[in-house]
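Peer 1: Below: one structure in structure tokens.
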Amino acid sequence: PGTAPVRGEHAMTRRAAFVAIALGAVAAFGVACAYTRYVPLNPDIAWQVYIAVALTRGAQLGRDLIEVNPPLAAWLDVPVVQLSAPLGLSPAFGHQLATMFLGLWSVMLVSLAGRAVAVLRRSTALVAFSLACAIPLALHGGLEVGQREQMAILLALPYFVLLAARLEAAPVSTRLALAVGISAGPAFALKPFFVLPLALGELLLLLEHRSLRAPFRIEMVGIAAVFAAYPVAILL
């Protein structure tokens, strides 16, 4: 029979893995953030930031501003604009910086959810997978930072990693599942057709477990809460 691993060694390995993931993600997003200082904002993103600035000054969508897209992306930029001024940052750079922090949050959730996936339980596999997510996310962010599609990927990716764990019926902590759900809710609400990947993922889980209880999970509570609050906020 094999020798059981020493608990301290296992904990140190896990700790080292998360340190490696954190350092790699910070480096990737840091380089992307530095690059954005020399790249003009995409016109779509510039308009989104302009709307957020106008909203902080009392403007109203539909009265003072005409926007054909759903308002959630601009709403998400409002607290960013409000925080940028006291920090001495321009709204544009504040938006770029916030998107990079969002990327770090996403990678952290991906690594935490990935621990429950069988193929990622080895520390080296988890580090490789997490950094394989971080680097392209950061590179894309450096080119089109803050586009709705990029924000959707950043916010939704942890949900799909967690879905992989759910397909294996792996145990997942309640706090992690709730954090993933609350993060993923805005991703699927940014544009109406962004709901399609969510529906397909839930259908896959339903077919795999053959149980009508499959969709009733903690992360879906977080997503449902966002979906319920969004139309109420629009109507108000």
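Please note that chains go A, B, ... in the order of the structure tokens, that every chain numbers its residues from 1, and that ligands are numbered from 1 in the order shown.
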With a distance cut-off of 12 Å and only C-alpha atoms, select the neighbouring residues of A:Leu205, excluding the residue or stretch itself and same-chain residues fewer than 5 positions from it, and output the selection as a list in words.

Peer 2: Phe160, Leu162, Leu163, Ala164, Ala165, Arg166, Leu167, Glu168, Ala169, Leu198, Ala199, Leu200, Arg210, Ser211, Leu212, Arg213, Ala214, Pro215, Phe216 and Arg217 of chain A

Peer 1: Any chance you could export the current selection's C-alpha atoms as an mmCIF file, in the first residue's frame?

Peer 2:
data_model
loop_
_atom_site.group_PDB
_atom_site.id
_atom_site.type_symbol
_atom_site.label_atom_id
_atom_site.label_comp_id
_atom_site.auth_asym_id
_atom_site.auth_seq_id
_atom_site.Cartn_x
_atom_site.Cartn_y
_atom_site.Cartn_z
ATOM 1 C CA PHE A 160 -18.725 26.872 -16.775
ATOM 2 C CA LEU A 162 -18.182 25.015 -11.833
ATOM 3 C CA LEU A 163 -20.613 23.356 -14.247
ATOM 4 C CA ALA A 164 -17.888 20.832 -15.106
ATOM 5 C CA ALA A 165 -17.621 20.000 -11.400
ATOM 6 C CA ARG A 166 -21.405 19.671 -11.159
ATOM 7 C CA LEU A 167 -21.422 17.278 -14.105
ATOM 8 C CA GLU A 168 -19.080 15.061 -12.058
ATOM 9 C CA ALA A 169 -21.312 15.471 -8.986
ATOM 10 C CA LEU A 198 -26.500 29.279 -19.857
ATOM 11 C CA ALA A 199 -29.530 27.414 -21.208
ATOM 12 C CA LEU A 200 -27.344 24.913 -23.063
ATOM 13 C CA ARG A 210 -31.584 12.941 -15.430
ATOM 14 C CA SER A 211 -33.098 14.824 -12.530
ATOM 15 C CA LEU A 212 -35.417 17.830 -12.521
ATOM 16 C CA ARG A 213 -33.615 18.964 -9.364
ATOM 17 C CA ALA A 214 -30.383 19.581 -11.293
ATOM 18 C CA PRO A 215 -31.061 23.284 -12.015
ATOM 19 C CA PHE A 216 -31.906 24.027 -8.363
ATOM 20 C CA ARG A 217 -28.413 24.866 -7.135
#

Peer 1: Please extract the residues of stretch 64-103 of chain A with a backbone DSSP assignment of helix (DSSP H, G or I) and present them as a ChimeraX atom specification.

Peer 2: /A:72-84,91-103

Peer 1: At what distance in Å, to one decimal, does atom CA of A:Leu236 lie from atom CA of A:Tyr159?

Peer 2: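 Straight-line distance from atom CA of A:Tyr159 to atom CA of A:Leu236 works out to 29.0 Å.
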
Peer 1: Name the closest residue to A:Thr56 among the candidates A:Val78, A:Leu155, A:Ile234, A:Ile182; distances are taken between atoms, counting only C-alpha atoms.

Peer 2: A:Val78

Peer 1: Quick one: pull the distance between atom CA of A:Leu190 and atom CA of A:Pro231, Å, one decimal.

Peer 2: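 Taking atom CA of A:Leu190 as the start and atom CA of A:Pro231 as the end point, the length is 12.0 Å.
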
Peer 1: At a cut-off of 12 Å, using only C-alpha atoms, what residues contact A:Leu65? Leave out same-chain residues fewer than 2 positions from it and give the result as a ChimeraX atom specification.

Peer 2: /A:47-48,50-55,58-63,67-69,71,74

Peer 1: Nearest to A:Pro136: which of A:Gly103, A:Pro158, A:Pro43, A:Pro171 is it, counting only C-alpha atoms?

Peer 2: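 Looking only at the distances to A:Pro136, the closest residue turns out to be A:Gly103.
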
Peer 1: Restricting the calculation to only C-alpha atoms, which member of A:Ala184, A:Ala224, A:Met108, A:Cys33 is positioned closest to A:Phe129?

Peer 2: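 Using only C-alpha atoms, A:Phe129 sits closest to A:Met108.
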
Peer 1: For A:Thr99, list every protein, DNA or RNA residue within 10 Å, evaluated using only C-alpha atoms, and leave out those in the same chain fewer than 4 positions away; present the list as a list in words.

Peer 2: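 Using only C-alpha atoms, the neighbours found are Phe29, Cys33, Asp77, Val80, Phe93, Gly94, His95, Gly103, Leu104, Trp105, Ala138, Gly141, Val145, Gly146, Gln147, Gln150, Met151 and Leu154 of chain A.
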
Peer 1: So what do you get for atom CA of A:Ile135 versus atom CA of A:Ile21, distance-wise?

Peer 2: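 Pair atom CA of A:Ile135 / atom CA of A:Ile21 returns 10.9 Å.
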
Peer 1: I need the residue nearest A:Met220 from this list: A:Val161, A:Ala20, A:Leu97, A:Val180. Use only C-alpha atoms for the distance.

Peer 2: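 For A:Met220, the nearest of the candidates is A:Val180.
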
Peer 1: Which residue, A:Val110, A:Ala170, A:Ala229, A:Ala92, has the smallest gap to A:Val39 when you use only C-alpha atoms?

Peer 2: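 Among the listed residues, A:Ala92 lies closest to A:Val39.
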
Peer 1: Of the candidates A:Ile66, A:Glu149, A:Gln96, A:Trp75, which shows the shortest atom-to-atom distance to A:Pro40, using only C-alpha atoms?

Peer 2: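 For A:Pro40, the nearest of the given residues is A:Gln96.
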
Peer 1: List the neighbours of A:Arg14 out to 12 Å using only C-alpha atoms; skip same-chain residues closer than 6 positions along the sequence, and give me the result as an MDAnalysis selection string.

Peer 2: chainID A and resid 7:8 20:21 111:112 115 120:127

Peer 1: With all heavy atoms retained, could you export that selection as an mmCIF file, in the first residue's frame?

Peer 2:
data_model
loop_
_atom_site.group_PDB
_atom_site.id
_atom_site.type_symbol
_atom_site.label_atom_id
_atom_site.label_comp_id
_atom_site.auth_asym_id
_atom_site.auth_seq_id
_atom_site.Cartn_x
_atom_site.Cartn_y
_atom_site.Cartn_z
ATOM 1 N N ARG A 7 -0.137 15.929 5.428
ATOM 2 C CA ARG A 7 -1.123 17.005 5.291
ATOM 3 C C ARG A 7 -0.449 18.352 5.055
ATOM 4 O O ARG A 7 -0.875 19.150 4.225
ATOM 5 C CB ARG A 7 -1.993 17.049 6.547
ATOM 6 C CG ARG A 7 -3.052 18.127 6.473
ATOM 7 C CD ARG A 7 -4.041 17.973 7.578
ATOM 8 N NE ARG A 7 -5.087 18.968 7.460
ATOM 9 C CZ ARG A 7 -6.225 18.904 8.093
ATOM 10 N NH1 ARG A 7 -6.492 17.874 8.871
ATOM 11 N NH2 ARG A 7 -7.132 19.857 7.975
ATOM 12 N N GLY A 8 0.584 18.640 5.764
ATOM 13 C CA GLY A 8 1.277 19.908 5.606
ATOM 14 C C GLY A 8 1.852 20.074 4.217
ATOM 15 O O GLY A 8 1.796 21.143 3.623
ATOM 16 N N ALA A 20 1.266 30.814 -7.463
ATOM 17 C CA ALA A 20 1.689 30.827 -8.857
ATOM 18 C C ALA A 20 0.594 31.371 -9.763
ATOM 19 O O ALA A 20 0.846 32.159 -10.687
ATOM 20 C CB ALA A 20 2.079 29.416 -9.295
ATOM 21 N N ILE A 21 -0.649 30.965 -9.501
ATOM 22 C CA ILE A 21 -1.779 31.455 -10.298
ATOM 23 C C ILE A 21 -1.946 32.957 -10.111
ATOM 24 O O ILE A 21 -2.117 33.710 -11.083
ATOM 25 C CB ILE A 21 -3.072 30.714 -9.904
ATOM 26 C CG1 ILE A 21 -2.988 29.238 -10.318
ATOM 27 C CG2 ILE A 21 -4.295 31.375 -10.547
ATOM 28 C CD1 ILE A 21 -4.088 28.375 -9.725
ATOM 29 N N SER A 111 -9.910 29.205 -10.579
ATOM 30 C CA SER A 111 -8.982 28.314 -9.872
ATOM 31 C C SER A 111 -9.664 27.637 -8.685
ATOM 32 O O SER A 111 -9.427 26.448 -8.419
ATOM 33 C CB SER A 111 -7.747 29.092 -9.411
ATOM 34 O OG SER A 111 -8.102 30.112 -8.488
ATOM 35 N N LEU A 112 -10.524 28.360 -7.972
ATOM 36 C CA LEU A 112 -11.224 27.760 -6.833
ATOM 37 C C LEU A 112 -12.237 26.713 -7.293
ATOM 38 O O LEU A 112 -12.350 25.635 -6.701
ATOM 39 C CB LEU A 112 -11.927 28.845 -6.021
ATOM 40 C CG LEU A 112 -11.019 29.807 -5.253
ATOM 41 C CD1 LEU A 112 -11.823 30.942 -4.635
ATOM 42 C CD2 LEU A 112 -10.233 29.070 -4.173
ATOM 43 N N ARG A 115 -10.638 23.327 -8.616
ATOM 44 C CA ARG A 115 -10.180 22.303 -7.662
ATOM 45 C C ARG A 115 -11.152 21.142 -7.557
ATOM 46 O O ARG A 115 -10.767 20.031 -7.199
ATOM 47 C CB ARG A 115 -10.001 22.913 -6.271
ATOM 48 C CG ARG A 115 -8.857 23.892 -6.150
ATOM 49 C CD ARG A 115 -8.637 24.295 -4.712
ATOM 50 N NE ARG A 115 -9.868 24.782 -4.071
ATOM 51 C CZ ARG A 115 -9.944 25.164 -2.801
ATOM 52 N NH1 ARG A 115 -8.874 25.086 -2.035
ATOM 53 N NH2 ARG A 115 -11.080 25.603 -2.304
ATOM 54 N N LEU A 120 -8.400 18.495 -12.833
ATOM 55 C CA LEU A 120 -7.633 19.651 -12.367
ATOM 56 C C LEU A 120 -7.226 19.545 -10.902
ATOM 57 O O LEU A 120 -6.755 20.521 -10.323
ATOM 58 C CB LEU A 120 -8.444 20.940 -12.570
ATOM 59 C CG LEU A 120 -8.835 21.278 -14.009
ATOM 60 C CD1 LEU A 120 -9.687 22.536 -14.037
ATOM 61 C CD2 LEU A 120 -7.604 21.447 -14.878
ATOM 62 N N ARG A 121 -7.397 18.380 -10.289
ATOM 63 C CA ARG A 121 -7.090 18.277 -8.859
ATOM 64 C C ARG A 121 -5.595 18.279 -8.572
ATOM 65 O O ARG A 121 -5.185 18.596 -7.454
ATOM 66 C CB ARG A 121 -7.763 17.026 -8.284
ATOM 67 C CG ARG A 121 -9.260 17.242 -8.095
ATOM 68 C CD ARG A 121 -9.997 16.049 -7.609
ATOM 69 N NE ARG A 121 -11.442 16.301 -7.651
ATOM 70 C CZ ARG A 121 -12.355 15.375 -7.775
ATOM 71 N NH1 ARG A 121 -11.981 14.100 -7.867
ATOM 72 N NH2 ARG A 121 -13.626 15.682 -7.821
ATOM 73 N N ARG A 122 -4.793 17.926 -9.546
ATOM 74 C CA ARG A 122 -3.344 18.056 -9.367
ATOM 75 C C ARG A 122 -2.977 19.527 -9.482
ATOM 76 O O ARG A 122 -3.461 20.251 -10.354
ATOM 77 C CB ARG A 122 -2.591 17.246 -10.419
ATOM 78 C CG ARG A 122 -2.728 15.735 -10.248
ATOM 79 C CD ARG A 122 -1.975 15.004 -11.345
ATOM 80 N NE ARG A 122 -0.536 15.277 -11.260
ATOM 81 C CZ ARG A 122 0.316 14.561 -10.531
ATOM 82 N NH1 ARG A 122 -0.139 13.529 -9.825
ATOM 83 N NH2 ARG A 122 1.587 14.845 -10.510
ATOM 84 N N SER A 123 -2.097 19.985 -8.590
ATOM 85 C CA SER A 123 -1.750 21.402 -8.542
ATOM 86 C C SER A 123 -1.199 21.908 -9.864
ATOM 87 O O SER A 123 -1.526 23.013 -10.306
ATOM 88 C CB SER A 123 -0.737 21.650 -7.422
ATOM 89 O OG SER A 123 -1.302 21.343 -6.165
ATOM 90 N N THR A 124 -0.345 21.108 -10.508
ATOM 91 C CA THR A 124 0.249 21.542 -11.774
ATOM 92 C C THR A 124 -0.816 21.726 -12.845
ATOM 93 O O THR A 124 -0.764 22.671 -13.634
ATOM 94 C CB THR A 124 1.291 20.514 -12.253
ATOM 95 O OG1 THR A 124 0.698 19.201 -12.245
ATOM 96 C CG2 THR A 124 2.521 20.529 -11.360
ATOM 97 N N ALA A 125 -1.796 20.828 -12.877
ATOM 98 C CA ALA A 125 -2.877 20.936 -13.861
ATOM 99 C C ALA A 125 -3.724 22.176 -13.590
ATOM 100 O O ALA A 125 -4.119 22.889 -14.515
ATOM 101 C CB ALA A 125 -3.741 19.683 -13.843
ATOM 102 N N LEU A 126 -3.986 22.450 -12.308
ATOM 103 C CA LEU A 126 -4.796 23.607 -11.947
ATOM 104 C C LEU A 126 -4.082 24.905 -12.317
ATOM 105 O O LEU A 126 -4.700 25.831 -12.858
ATOM 106 C CB LEU A 126 -5.103 23.586 -10.451
ATOM 107 C CG LEU A 126 -6.015 24.703 -9.930
ATOM 108 C CD1 LEU A 126 -7.399 24.598 -10.567
ATOM 109 C CD2 LEU A 126 -6.129 24.639 -8.412
ATOM 110 N N VAL A 127 -2.771 24.971 -12.044
ATOM 111 C CA VAL A 127 -2.001 26.164 -12.396
ATOM 112 C C VAL A 127 -1.991 26.362 -13.912
ATOM 113 O O VAL A 127 -2.232 27.469 -14.413
ATOM 114 C CB VAL A 127 -0.556 26.061 -11.858
ATOM 115 C CG1 VAL A 127 0.312 27.187 -12.419
ATOM 116 C CG2 VAL A 127 -0.547 26.099 -10.335
#

Peer 1: Any idea what's packed within 8 Å of A:Phe194, counting only C-alpha atoms, ignoring anything in its chain fewer than 6 positions away? Could you give it as a PyMOL selection string?

Peer 2: chain A and resi 152+187-188
